[in-house]
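Enquirer: Provided herewith: model-v4.pdb, PDB, C-alpha atoms.
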ATOM      1  CA  MET W   1      80.291 124.671 121.784  1.00  0.00           C
ATOM      2  CA  ASP W   2      79.144 127.002 119.021  1.00  0.00           C
ATOM      3  CA  LYS W   3      75.730 126.759 117.460  1.00  0.00           C
ATOM      4  CA  LYS W   4      75.913 125.331 113.950  1.00  0.00           C
ATOM      5  CA  ASN W   5      74.408 127.558 111.297  1.00  0.00           C
ATOM      6  CA  PHE W   6      72.450 125.605 108.737  1.00  0.00           C
ATOM      7  CA  VAL W   7      71.545 127.005 105.354  1.00  0.00           C
ATOM      8  CA  PHE W   8      67.891 126.030 105.814  1.00  0.00           C
ATOM      9  CA  GLY W   9      65.772 126.743 108.841  1.00  0.00           C
ATOM     10  CA  LYS W  10      63.039 124.578 110.314  1.00  0.00           C
ATOM     11  CA  GLU W  11      60.372 126.323 108.214  1.00  0.00           C
ATOM     12  CA  ASN W  12      62.334 125.615 105.032  1.00  0.00           C
ATOM     13  CA  PHE W  13      62.487 121.891 105.763  1.00  0.00           C
ATOM     14  CA  ILE W  14      58.777 121.769 106.605  1.00  0.00           C
ATOM     15  CA  MET W  15      57.854 123.594 103.378  1.00  0.00           C
ATOM     16  CA  LEU W  16      60.159 121.312 101.392  1.00  0.00           C
ATOM     17  CA  GLY W  17      58.491 118.221 102.854  1.00  0.00           C
ATOM     18  CA  ILE W  18      54.989 119.553 102.192  1.00  0.00           C
ATOM     19  CA  SER W  19      55.873 120.446  98.616  1.00  0.00           C
ATOM     20  CA  ILE W  20      57.314 116.985  97.941  1.00  0.00           C
ATOM     21  CA  VAL W  21      54.081 115.439  99.230  1.00  0.00           C
ATOM     22  CA  ILE W  22      52.092 117.730  96.901  1.00  0.00           C
ATOM     23  CA  ILE W  23      54.259 116.672  93.939  1.00  0.00           C
ATOM     24  CA  VAL W  24      53.686 113.003  94.760  1.00  0.00           C
ATOM     25  CA  ILE W  25      49.923 113.639  94.955  1.00  0.00           C
ATOM     26  CA  GLY W  26      50.072 115.356  91.547  1.00  0.00           C
ATOM     27  CA  PHE W  27      51.846 112.402  89.960  1.00  0.00           C
ATOM     28  CA  TRP W  28      49.405 110.021  91.645  1.00  0.00           C
ATOM     29  CA  LEU W  29      46.516 111.995  90.106  1.00  0.00           C
ATOM     30  CA  MET W  30      48.155 111.637  86.678  1.00  0.00           C
ATOM     31  CA  SER W  31      48.360 107.873  86.927  1.00  0.00           C
ATOM     32  CA  GLY W  32      45.480 105.714  85.844  1.00  0.00           C
ATOM     33  CA  ALA W  33      44.169 103.216  83.379  1.00  0.00           C
ATOM     34  CA  LYS W  34      46.260 102.242  80.411  1.00  0.00           C
ATOM     35  CA  THR W  35      45.322 101.212  76.920  1.00  0.00           C
ATOM     36  CA  THR W  36      46.369  97.689  75.953  1.00  0.00           C
ATOM     37  CA  GLU W  37      45.348  95.234  73.268  1.00  0.00           C
ATOM     38  CA  GLU W  38      43.449  93.108  75.786  1.00  0.00           C
ATOM     39  CA  THR W  39      41.459  95.935  77.382  1.00  0.00           C
ATOM     40  CA  GLY W  40      41.104  98.131  74.316  1.00  0.00           C
ATOM     41  CA  PHE W  41      41.015 101.907  74.254  1.00  0.00           C
ATOM     42  CA  ASP W  42      40.260 103.529  77.599  1.00  0.00           C
ATOM     43  CA  PRO W  43      38.785 107.038  77.196  1.00  0.00           C
ATOM     44  CA  HIS W  44      39.505 107.841  80.863  1.00  0.00           C
ATOM     45  CA  ILE W  45      43.068 108.777  79.936  1.00  0.00           C
ATOM     46  CA  PHE W  46      41.627 112.091  78.693  1.00  0.00           C
ATOM     47  CA  ASP W  47      39.813 112.984  81.939  1.00  0.00           C
ATOM     48  CA  ALA W  48      40.085 116.507  83.274  1.00  0.00           C
ATOM     49  CA  ARG W  49      41.764 115.074  86.366  1.00  0.00           C
ATOM     50  CA  ARG W  50      44.702 113.737  84.351  1.00  0.00           C
ATOM     51  CA  ILE W  51      44.992 116.557  81.825  1.00  0.00           C
ATOM     52  CA  VAL W  52      44.169 119.675  83.885  1.00  0.00           C
ATOM     53  CA  ILE W  53      44.108 119.121  87.647  1.00  0.00           C
ATOM     54  CA  ALA W  54      47.136 116.836  88.053  1.00  0.00           C
ATOM     55  CA  PRO W  55      49.595 119.060  86.135  1.00  0.00           C
ATOM     56  CA  ILE W  56      48.393 122.123  88.059  1.00  0.00           C
ATOM     57  CA  VAL W  57      48.868 120.345  91.399  1.00  0.00           C
ATOM     58  CA  THR W  58      52.318 119.154  90.330  1.00  0.00           C
ATOM     59  CA  MET W  59      53.397 122.614  89.173  1.00  0.00           C
ATOM     60  CA  ILE W  60      52.188 124.122  92.458  1.00  0.00           C
ATOM     61  CA  GLY W  61      54.349 121.562  94.249  1.00  0.00           C
ATOM     62  CA  PHE W  62      57.398 122.463  92.162  1.00  0.00           C
ATOM     63  CA  GLY W  63      56.741 126.159  92.807  1.00  0.00           C
ATOM     64  CA  LEU W  64      56.624 125.493  96.541  1.00  0.00           C
ATOM     65  CA  VAL W  65      59.953 123.634  96.314  1.00  0.00           C
ATOM     66  CA  ILE W  66      61.536 126.699  94.716  1.00  0.00           C
ATOM     67  CA  TRP W  67      59.967 128.953  97.348  1.00  0.00           C
ATOM     68  CA  ALA W  68      61.157 126.685 100.184  1.00  0.00           C
ATOM     69  CA  ILE W  69      64.701 126.788  98.821  1.00  0.00           C
ATOM     70  CA  LEU W  70      64.799 130.551  98.236  1.00  0.00           C
ATOM     71  CA  LYS W  71      62.999 131.584 101.442  1.00  0.00           C
ATOM     72  CA  LYS W  72      65.414 133.179 103.859  1.00  0.00           C
ATOM     73  CA  PRO W  73      65.240 131.536 107.288  1.00  0.00           C
ATOM     74  CA  LYS W  74      64.625 133.684 110.335  1.00  0.00           C
ATOM     75  CA  ASP W  75      67.895 134.568 112.028  1.00  0.00           C
ATOM     76  CA  LYS W  76      67.599 133.659 115.697  1.00  0.00           C
ATOM     77  CA  SER W  77      71.142 134.776 116.507  1.00  0.00           C
ATOM     78  CA  ASP W  78      69.927 138.412 116.517  1.00  0.00           C
ATOM     79  CA  ASN W  79      67.591 137.588 119.394  1.00  0.00           C
ATOM     80  CA  TYR W  80      70.477 136.205 121.444  1.00  0.00           C
ATOM     81  CA  LYS W  81      72.540 139.355 120.863  1.00  0.00           C
ATOM     82  CA  ASN W  82      69.754 141.527 122.278  1.00  0.00           C
ATOM     83  CA  ILE W  83      69.576 139.515 125.498  1.00  0.00           C
ATOM     84  CA  ASN W  84      73.229 140.054 126.391  1.00  0.00           C
TER      85      ASN W  84
END
Would you put the structure from the file into structure tokens?
Expert:
Amino acid sequence: MDKKNFVFGKENFIMLGISIVIIVIGFWLMSGAKTTEETGFDPHIFDARRIVIAPIVTMIGFGLVIWAILKKPKDKSDNYKNIN
């Protein structure tokens, strides 16, 4: 039975999973209090965490997704050719 060649390697899937977790953390950092008629205006919507840190974390996550997709997996079939 021949070995199936996948487009992504193990490292690609690990990086993709880590980057998705980072994106979720970035969106979680963006969430917060809302302004309603009952509670009034909440000035915490303009915190540095929501305006600066969260978008940076999210963009880093999206950059890692692109890197995980474009990263060429290591070709292990070359190692098997050298053994024979």
Enquirer: Just the number, please: distance in Å from atom CA of Gly9 of chain W to atom CA of Leu70 of chain W, one decimal.
Expert: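 These atoms are spaced 11.3 Å apart.
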Enquirer: As a list in words, please: the residues near segment 16-25 of chain W (cut-off 8 Å, only C-alpha atoms, same-chain neighbours under 3 positions excluded).
Expert: Asn12, Phe13, Trp28, Leu29, Val57, Thr58, Met59, Ile60, Gly61, Phe62, Leu64, Val65, Ala68 and Ile69 of chain W
Enquirer: Between atom CA of Asp47 of chain W and atom CA of Gly63 of chain W, what is the spacing in Å?
Expert: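 Calculated distance between atom CA of Gly63 of chain W and atom CA of Asp47 of chain W is 24.0 Å.
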Enquirer: Which is closest to Arg49 of chain W among W:Met15, W:Ile66, W:Val7, W:Met30, if we use only C-alpha atoms?
Expert: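 Closest residue, counting only C-alpha atoms: W:Met30.
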Enquirer: Atom CA of Ile56 of chain W and atom CA of Thr39 of chain W, how far apart in Å?
Expert: 29.1 Å
Enquirer: Please put the answer as JSON: centre and edge lengths, in Å with one decimal, of a box along x, y and z that encloses all listed atoms of segment 7-18 of chain W plus 4 Å on each side.
Expert:
{"center_x": 63.3, "center_y": 122.6, "center_z": 105.9, "size_x": 24.6, "size_y": 16.8, "size_z": 16.9}
Enquirer: Identify, on the basis of all atoms listed in the file, every residue whose closest approach to Phe46 of chain W does not exceed 12 Å; exclude the query and any residue fewer than 3 positions from it along the same chain; express the result as a ChimeraX atom specification.
Expert: /W:30-35,41-43,49-54
Enquirer: Because the input lacks atoms here, generate N, CA and C atoms for segment 14-47 of chain W and report them as a JSON list (two decimals), in the frame of the given file.
Expert:
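That gives us selection-v4.json:
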[["chain", "number", "residue", "atom", "x", "y", "z"],
["W", 14, "ILE", "N", 60.20, 122.11, 106.56],
["W", 14, "ILE", "CA", 58.78, 121.77, 106.60],
["W", 14, "ILE", "C", 58.13, 122.07, 105.26],
["W", 15, "MET", "N", 58.42, 123.24, 104.69],
["W", 15, "MET", "CA", 57.85, 123.59, 103.38],
["W", 15, "MET", "C", 58.36, 122.65, 102.29],
["W", 16, "LEU", "N", 59.60, 122.24, 102.37],
["W", 16, "LEU", "CA", 60.16, 121.31, 101.39],
["W", 16, "LEU", "C", 59.45, 119.96, 101.48],
["W", 17, "GLY", "N", 59.21, 119.49, 102.68],
["W", 17, "GLY", "CA", 58.49, 118.22, 102.85],
["W", 17, "GLY", "C", 57.06, 118.29, 102.35],
["W", 18, "ILE", "N", 56.37, 119.38, 102.65],
["W", 18, "ILE", "CA", 54.99, 119.55, 102.19],
["W", 18, "ILE", "C", 54.94, 119.61, 100.67],
["W", 19, "SER", "N", 55.88, 120.32, 100.07],
["W", 19, "SER", "CA", 55.87, 120.45, 98.62],
["W", 19, "SER", "C", 56.18, 119.12, 97.93],
["W", 20, "ILE", "N", 57.04, 118.30, 98.52],
["W", 20, "ILE", "CA", 57.31, 116.98, 97.94],
["W", 20, "ILE", "C", 56.08, 116.11, 98.02],
["W", 21, "VAL", "N", 55.33, 116.19, 99.12],
["W", 21, "VAL", "CA", 54.08, 115.44, 99.23],
["W", 21, "VAL", "C", 53.08, 115.90, 98.17],
["W", 22, "ILE", "N", 53.00, 117.20, 97.92],
["W", 22, "ILE", "CA", 52.09, 117.73, 96.90],
["W", 22, "ILE", "C", 52.50, 117.24, 95.51],
["W", 23, "ILE", "N", 53.79, 117.19, 95.23],
["W", 23, "ILE", "CA", 54.26, 116.67, 93.94],
["W", 23, "ILE", "C", 53.88, 115.21, 93.77],
["W", 24, "VAL", "N", 54.05, 114.42, 94.82],
["W", 24, "VAL", "CA", 53.69, 113.00, 94.76],
["W", 24, "VAL", "C", 52.18, 112.85, 94.52],
["W", 25, "ILE", "N", 51.37, 113.68, 95.18],
["W", 25, "ILE", "CA", 49.92, 113.64, 94.96],
["W", 25, "ILE", "C", 49.60, 113.99, 93.51],
["W", 26, "GLY", "N", 50.30, 114.98, 92.94],
["W", 26, "GLY", "CA", 50.07, 115.36, 91.55],
["W", 26, "GLY", "C", 50.40, 114.23, 90.59],
["W", 27, "PHE", "N", 51.51, 113.53, 90.82],
["W", 27, "PHE", "CA", 51.85, 112.40, 89.96],
["W", 27, "PHE", "C", 50.87, 111.24, 90.16],
["W", 28, "TRP", "N", 50.39, 111.07, 91.39],
["W", 28, "TRP", "CA", 49.40, 110.02, 91.64],
["W", 28, "TRP", "C", 48.10, 110.33, 90.90],
["W", 29, "LEU", "N", 47.72, 111.61, 90.86],
["W", 29, "LEU", "CA", 46.52, 112.00, 90.11],
["W", 29, "LEU", "C", 46.69, 111.76, 88.61],
["W", 30, "MET", "N", 47.91, 111.87, 88.10],
["W", 30, "MET", "CA", 48.16, 111.64, 86.68],
["W", 30, "MET", "C", 48.09, 110.17, 86.30],
["W", 31, "SER", "N", 48.36, 109.30, 87.25],
["W", 31, "SER", "CA", 48.36, 107.87, 86.93],
["W", 31, "SER", "C", 46.93, 107.38, 86.73],
["W", 32, "GLY", "N", 46.81, 106.26, 86.06],
["W", 32, "GLY", "CA", 45.48, 105.71, 85.84],
["W", 32, "GLY", "C", 45.50, 104.56, 84.88],
["W", 33, "ALA", "N", 44.35, 104.35, 84.28],
["W", 33, "ALA", "CA", 44.17, 103.22, 83.38],
["W", 33, "ALA", "C", 45.06, 103.36, 82.15],
["W", 34, "LYS", "N", 45.44, 102.23, 81.61],
["W", 34, "LYS", "CA", 46.26, 102.24, 80.41],
["W", 34, "LYS", "C", 45.52, 101.54, 79.29],
["W", 35, "THR", "N", 45.92, 101.82, 78.09],
["W", 35, "THR", "CA", 45.32, 101.21, 76.92],
["W", 35, "THR", "C", 46.20, 100.05, 76.47],
["W", 36, "THR", "N", 45.64, 98.87, 76.42],
["W", 36, "THR", "CA", 46.37, 97.69, 75.95],
["W", 36, "THR", "C", 45.52, 96.98, 74.91],
["W", 37, "GLU", "N", 46.10, 95.99, 74.27],
["W", 37, "GLU", "CA", 45.35, 95.23, 73.27],
["W", 37, "GLU", "C", 44.24, 94.41, 73.91],
["W", 38, "GLU", "N", 44.47, 93.92, 75.13],
["W", 38, "GLU", "CA", 43.45, 93.11, 75.79],
["W", 38, "GLU", "C", 42.26, 93.94, 76.26],
["W", 39, "THR", "N", 42.54, 95.11, 76.83],
["W", 39, "THR", "CA", 41.46, 95.94, 77.38],
["W", 39, "THR", "C", 40.87, 96.88, 76.35],
["W", 40, "GLY", "N", 41.60, 97.19, 75.32],
["W", 40, "GLY", "CA", 41.10, 98.13, 74.32],
["W", 40, "GLY", "C", 41.38, 99.56, 74.73],
["W", 41, "PHE", "N", 40.81, 100.49, 73.99],
["W", 41, "PHE", "CA", 41.02, 101.91, 74.25],
["W", 41, "PHE", "C", 40.23, 102.33, 75.49],
["W", 42, "ASP", "N", 40.91, 103.03, 76.39],
["W", 42, "ASP", "CA", 40.26, 103.53, 77.60],
["W", 42, "ASP", "C", 40.15, 105.05, 77.50],
["W", 43, "PRO", "N", 38.94, 105.59, 77.35],
["W", 43, "PRO", "CA", 38.78, 107.04, 77.20],
["W", 43, "PRO", "C", 39.07, 107.82, 78.48],
["W", 44, "HIS", "N", 39.25, 107.14, 79.60],
["W", 44, "HIS", "CA", 39.51, 107.84, 80.86],
["W", 44, "HIS", "C", 40.90, 108.46, 80.91],
["W", 45, "ILE", "N", 41.75, 108.15, 79.94],
["W", 45, "ILE", "CA", 43.07, 108.78, 79.94],
["W", 45, "ILE", "C", 42.96, 110.26, 79.58],
["W", 46, "PHE", "N", 41.83, 110.69, 79.05],
["W", 46, "PHE", "CA", 41.63, 112.09, 78.69],
["W", 46, "PHE", "C", 40.72, 112.81, 79.68],
["W", 47, "ASP", "N", 40.61, 112.31, 80.91],
["W", 47, "ASP", "CA", 39.81, 112.98, 81.94],
["W", 47, "ASP", "C", 40.43, 114.32, 82.30]]
